[in-house]
Number of protein chains: 2
Amino acid sequence: MLEKTVIPGPSSQLLGLRLARYLKSNVVPIEFKTFPDGERYIRIKEEPKNCHAVVVQSTLPPDPNQSIIELCFILETLKEMGVEKITAVIPYFAYARQDKKFLPGEAVSGKIVCNIIQNAGADEVITVDIHSKRMLENFKIPIRDVSAIPQLGEYLNNFKLTDPLIISPDEGAIERARNLAVFMDAEYVTFTKSRDKHTGEIEIKIKEIDVANRDVVIVDDIISTGGTMASAAEIAKSQGAARIYATCTHAVLVGDSRFKILNAGANEIIGTDTVPSDVSIVSVAPIIAEALK
Amino acid sequence: MLEKTVIPGPSSQLLGLRLARYLKSNVVPIEFKTFPDGERYIRIKEEPKNCHAVVVQSTLPPDPNQSIIELCFILETLKEMGVEKITAVIPYFAYARQDKKFLPGEAVSGKIVCNIIQNAGADEVITVDIHSKRMLENFKIPIRDVSAIPQLGEYLNNFKLTDPLIISPDEGAIERARNLAVFMDAEYVTFTKSRDKHTGEIEIKIKEIDVANRDVVIVDDIISTGGTMASAAEIAKSQGAARIYATCTHAVLVGDSRFKILNAGANEIIGTDTVPSDVSIVSVAPIIAEALK
């Protein structure tokens with residue numbers, strides 16, 4: 001088997017290094033900067049020889065386009081260097097919500113981004129809790145999606161929660177809640193979310209759940225504007241929940257989302273290092289390392 | 001011959017419409033917006049049927065990566081719609097200065113961007129005064145680079161310049177100055193520029209040119225930080241030039257470049273609509289229309 005060399009991209013520097021430590025592998029550093037006109041400069045500082053290169057690069061908000069282009073620069077340059085095998089680890093995969101046409105003429109941007117990355121020369125792709133599993137079908141190369149749920153569960157178990165209840169804020173995320181519940185040996189339940197097609201507003205329907213004095217973990221794949229999470233926290237709070245943990249894999253957290261979620265009654269926001277931020281407490285490095293073994 | 005339909009991309013809305021008027025062709029509008037997480041939304045609002053689609057999209061500073069990704073979204077969506085022929089007009093082509101490796105391990109970003117655009121489905125590409133002609137060799141599809149010099153010359157001729165002297169700020173741009181001089185029936189000359197490899201500082205060597213009381217046009221392909229142009233203007237001024245026109249095709253004009261250039265003695269900065277800005281006075285629509293005929 002080829003020796004692995006991890007190449008942490010500009011948007012996943014910490015996670016890349018953490019992964020290398022789990023794998024006990026070499027690391028090749030990248031030099032990167034922005035020119036005054038906004039163009040990015042990328043240089044792979046050492047030649048990764050006779051190895052399996054593992055590039056770690058989230059396609060990050062607020063400039064996912066930059067991260068995508070950077071990833072292409074890295075992949076093409078490695079390919080040109082004659083690297084034997086290249087795995088692109090894309091912990092946060094941007095544009096995964098635009099996985100089909102909702103209106104005629106729409107760019108199915110998720111699919112197009114898959115094409116761009118595939119053409120740049122990855123031999124395989126690893127993603128973490130990708131929003132739409134349908135996205136995976138766009139790749140002709142091997143692709144695996146791994147789940148951060150075990151890592152999140154392990155972290156939450158440290159809190160010694162009281163009769164915990166795992167809540168999925170909508171029916172689409174129910175599997176995630178179920179998996180976390182299994183891991184934490186807890187109950188789980190789902191809210192019913194509907195989005196108004198014209199205004200984009202979200203209505204969360206309340207179900208009768210006994211949450212009084214229980215610790216609640218609301219879990220979603222992405223927290224973006226925080227609207228869904230805040231509504232769910234508010235409902236849980238109004239029904240007498242004790243502590244409330246707003247938990248996700250990808251804490252995108254735009255604008256005032258942090259305020260909204262905590263103000264709605266959540267005690268903490270917990271995310272992973274797929275999206276580096278002030279709440280990316282949990283590392284997905286162990287699960288990515290596992291997938292690479 | 002297929003009827004042409006112009007599709008002005010998000011970064012070339014005005015130029016796209018100007019081109020359509022020169023071509024007397026149909027226009028298909030694009031809807032575009034940015035989601036709160038920085039992802040772009042693109043929708044082609046009408047189906048361009050049985051036609052030759054002409055997409056106009058500069059890859060613009062300060063976010064060239066976004067324009068590149070948008071261009072891919074448009075090209076792939078048109079291809080999916082079954083459009084017969086697609087021309088990508090890329091008036092300002094980003095990353096054209098990184099056309100080779102200067103240090104080992106560097107991403108040859110210009111070449112990689114060519115690959116990305118080519119793979120997205122363009123049948124041919126048209127650029128305007130691309131910085132490096134070498135870039136054109138990266139495309140396997142037909143590519144043409146047209147020059148804005150006739151349009152700039154026509155505009156400058158309006159000023160009734162006094163014994164005009166066309167100056168190229170460095171030897172690399174001499175052909176451009178010569179072409180403009182021919183068009184304006186004027187003399188031309190070049191400065192000698194050298195860049196310190198370590199500090200990046202530019203030294204412009206002074207030649208004995210009789211510029212006293214003459215109107216001077218300094219012409220370059222790109223004005224970016226304005227350093228080269230400001231130095232050239234200062235030299236011309238110090239040698240007694242009358243009016244000084246800082247002229248270029250692509251007025252990228254980052255930071256305080258406008259101030260630097262005018263403060264060095266230039267009377268005006270003149271650019272084209274390849275890069276929309278407060279100095280993009282001259283339109284390249286006629287020369288692109290000509291190339292498409």
# chains A, B, ... in the order shown; residues from 1 in each chain; ligands from 1

$ residues_around --residues "region 9-22 of chain B" --least-positions-apart "4" --cutoff "6 Å" --atoms "only C-alpha atoms" --output "JSON, numbers by chain"
{"B": [56, 57, 58, 285]}

$ interface_residues --of "chain B" --to "chain A" --cutoff "9 Å" --atoms "only C-alpha atoms" --output "JSON, numbers by chain"
{"B": [31, 36, 37, 38, 39, 40, 41, 42, 43, 44, 45, 46, 47, 60, 61, 62, 63, 64, 65, 66, 67, 68, 69, 70, 72, 73, 74, 76, 77, 78, 81, 94, 95, 98, 103, 104, 105, 106, 107, 108, 109, 112, 113, 115, 116, 119, 120, 224, 225, 252, 253, 254, 255]}

$ select_by_dssp --residues "region 137-271 of chain A" --states "strand (DSSP E)" --output "VMD selection string"
chain A and resid 143 to 146 165 to 168 187 to 190 192 to 195 202 to 205 216 to 223 244 to 251 268 to 271

$ residues_around --residues "Thr272 (chain A)" --least-positions-apart "3" --cutoff "8 Å" --atoms "only C-alpha atoms" --output "short mmCIF file (atom, residue, chain, number, x, y, z; two decimals) with N, CA and C atoms, in the first residue's frame"
data_model
loop_
_atom_site.label_atom_id
_atom_site.label_comp_id
_atom_site.auth_asym_id
_atom_site.auth_seq_id
_atom_site.Cartn_x
_atom_site.Cartn_y
_atom_site.Cartn_z
N ALA A 148 -20.42 12.33 11.18
CA ALA A 148 -19.81 12.88 12.39
C ALA A 148 -20.59 12.52 13.65
N LEU A 152 -19.91 13.44 17.64
CA LEU A 152 -20.80 14.35 18.38
C LEU A 152 -21.40 13.65 19.59
N CYS A 248 -24.77 20.26 15.47
CA CYS A 248 -24.73 20.03 14.02
C CYS A 248 -23.33 19.57 13.62
N THR A 249 -23.23 19.08 12.41
CA THR A 249 -21.91 18.80 11.85
C THR A 249 -21.29 20.09 11.33
N HIS A 250 -22.05 20.79 10.49
CA HIS A 250 -21.52 21.97 9.80
C HIS A 250 -22.11 23.26 10.36
N ALA A 251 -21.36 23.94 11.19
CA ALA A 251 -21.84 25.18 11.81
C ALA A 251 -21.50 26.36 10.89
N VAL A 275 -16.32 22.95 9.41
CA VAL A 275 -16.40 24.40 9.18
C VAL A 275 -15.74 25.07 10.39
N PRO A 276 -14.50 25.52 10.24
CA PRO A 276 -13.81 26.11 11.38
C PRO A 276 -14.52 27.37 11.88
N VAL A 279 -17.42 27.61 17.31
CA VAL A 279 -18.14 26.49 17.93
C VAL A 279 -17.70 25.14 17.35
N SER A 280 -16.61 25.12 16.60
CA SER A 280 -16.18 23.84 16.02
C SER A 280 -15.33 23.07 17.02
N ILE A 281 -16.04 22.56 18.03
CA ILE A 281 -15.43 21.95 19.21
C ILE A 281 -15.02 20.49 18.95
N VAL A 282 -15.78 19.83 18.10
CA VAL A 282 -15.60 18.39 17.89
C VAL A 282 -14.83 18.18 16.59
N SER A 283 -13.84 17.32 16.62
CA SER A 283 -13.09 17.05 15.39
C SER A 283 -13.60 15.81 14.68
N VAL A 284 -13.70 15.92 13.36
CA VAL A 284 -14.09 14.76 12.56
C VAL A 284 -12.86 13.98 12.09
#

$ atom_distance --atom1 "CA of Ile7 (chain B)" --atom2 "CA of Asp129 (chain B)"
21.2 Å

$ residues_around --residues "Glu154 (chain A)" --least-positions-apart "5" --cutoff "9 Å" --atoms "only C-alpha atoms" --output "count of residues only"
3

$ residues_around --residues "region 167-175 of chain A" --least-positions-apart "2" --cutoff "7 Å" --atoms "only C-alpha atoms" --output "list of chain:residue names"
A:Leu165, A:Ala177, A:Arg178, A:Asn179, A:Tyr188, A:Val189, A:Thr190, A:Phe191, A:Thr192, A:Lys193, A:Val217, A:Ile218, A:Val219, A:Asp220, A:Thr228, A:Met229, A:Ala232

$ decode --residues "region 75-101 of chain A" --atoms "N, CA, C and O atoms" --output "compact mmCIF listing (two decimals), in the first residue's frame"
# COMPACT_ATOMS: atom_id res chain seq x y z
N LEU A 75 -5.35 19.94 -6.68
CA LEU A 75 -5.49 18.63 -7.32
C LEU A 75 -4.73 18.58 -8.65
O LEU A 75 -3.98 17.63 -8.91
N GLU A 76 -4.88 19.61 -9.47
CA GLU A 76 -4.22 19.62 -10.78
C GLU A 76 -2.70 19.65 -10.60
O GLU A 76 -1.97 19.02 -11.39
N THR A 77 -2.25 20.39 -9.60
CA THR A 77 -0.80 20.49 -9.40
C THR A 77 -0.23 19.16 -8.91
O THR A 77 0.85 18.74 -9.35
N LEU A 78 -0.94 18.48 -8.05
CA LEU A 78 -0.50 17.16 -7.59
C LEU A 78 -0.45 16.17 -8.75
O LEU A 78 0.47 15.37 -8.88
N LYS A 79 -1.49 16.23 -9.57
CA LYS A 79 -1.57 15.33 -10.72
C LYS A 79 -0.36 15.55 -11.63
O LYS A 79 0.29 14.60 -12.07
N GLU A 80 -0.07 16.82 -11.86
CA GLU A 80 1.06 17.20 -12.70
C GLU A 80 2.39 16.73 -12.10
O GLU A 80 3.33 16.42 -12.81
N MET A 81 2.44 16.68 -10.76
CA MET A 81 3.65 16.22 -10.07
C MET A 81 3.79 14.70 -10.15
O MET A 81 4.77 14.14 -9.65
N GLY A 82 2.78 14.03 -10.70
CA GLY A 82 2.84 12.59 -10.87
C GLY A 82 2.50 11.79 -9.62
O GLY A 82 2.93 10.64 -9.49
N VAL A 83 1.72 12.37 -8.73
CA VAL A 83 1.31 11.65 -7.52
C VAL A 83 0.44 10.45 -7.92
O VAL A 83 -0.43 10.57 -8.79
N GLU A 84 0.69 9.30 -7.29
CA GLU A 84 0.04 8.04 -7.70
C GLU A 84 -1.47 8.04 -7.48
O GLU A 84 -2.24 7.63 -8.33
N LYS A 85 -1.87 8.48 -6.29
CA LYS A 85 -3.30 8.43 -5.96
C LYS A 85 -3.66 9.67 -5.17
O LYS A 85 -2.90 10.09 -4.28
N ILE A 86 -4.80 10.26 -5.50
CA ILE A 86 -5.23 11.47 -4.79
C ILE A 86 -6.64 11.29 -4.25
O ILE A 86 -7.58 11.00 -4.99
N THR A 87 -6.75 11.46 -2.93
CA THR A 87 -8.07 11.49 -2.31
C THR A 87 -8.38 12.93 -1.93
O THR A 87 -7.56 13.59 -1.29
N ALA A 88 -9.54 13.43 -2.38
CA ALA A 88 -9.97 14.76 -1.96
C ALA A 88 -10.96 14.59 -0.80
O ALA A 88 -12.04 14.04 -0.99
N VAL A 89 -10.53 15.02 0.37
CA VAL A 89 -11.45 15.01 1.52
C VAL A 89 -12.10 16.39 1.56
O VAL A 89 -11.41 17.40 1.71
N ILE A 90 -13.41 16.43 1.35
CA ILE A 90 -14.14 17.70 1.32
C ILE A 90 -15.13 17.67 2.48
O ILE A 90 -16.29 17.28 2.30
N PRO A 91 -14.66 18.05 3.67
CA PRO A 91 -15.49 17.85 4.87
C PRO A 91 -16.82 18.61 4.79
O PRO A 91 -17.86 18.05 5.08
N TYR A 92 -16.77 19.86 4.38
CA TYR A 92 -18.02 20.58 4.10
C TYR A 92 -18.11 20.76 2.61
O TYR A 92 -17.24 21.35 1.99
N PHE A 93 -19.19 20.26 2.04
CA PHE A 93 -19.36 20.30 0.59
C PHE A 93 -20.40 21.36 0.24
O PHE A 93 -21.59 21.17 0.47
N ALA A 94 -19.93 22.48 -0.29
CA ALA A 94 -20.83 23.59 -0.63
C ALA A 94 -21.75 23.19 -1.78
O ALA A 94 -21.48 22.24 -2.50
N TYR A 95 -22.79 23.91 -1.93
CA TYR A 95 -23.75 23.76 -3.03
C TYR A 95 -24.51 22.43 -2.98
O TYR A 95 -25.18 22.08 -3.94
N ALA A 96 -24.41 21.70 -1.85
CA ALA A 96 -25.07 20.39 -1.77
C ALA A 96 -26.58 20.53 -1.61
O ALA A 96 -27.31 19.55 -1.74
N ARG A 97 -27.04 21.74 -1.35
CA ARG A 97 -28.49 21.91 -1.25
C ARG A 97 -29.14 22.15 -2.61
O ARG A 97 -30.34 22.03 -2.77
N GLN A 98 -28.33 22.55 -3.60
CA GLN A 98 -28.87 22.74 -4.96
C GLN A 98 -28.56 21.47 -5.75
O GLN A 98 -27.66 21.42 -6.58
N ASP A 99 -29.30 20.41 -5.43
CA ASP A 99 -29.03 19.10 -6.01
C ASP A 99 -30.02 18.72 -7.10
O ASP A 99 -29.97 17.62 -7.63
N LYS A 100 -30.95 19.62 -7.40
CA LYS A 100 -31.90 19.39 -8.50
C LYS A 100 -32.49 20.73 -8.91
O LYS A 100 -32.31 21.73 -8.22
N LYS A 101 -33.19 20.73 -10.04
CA LYS A 101 -33.84 21.96 -10.49
C LYS A 101 -35.15 22.14 -9.73
O LYS A 101 -35.96 21.23 -9.65
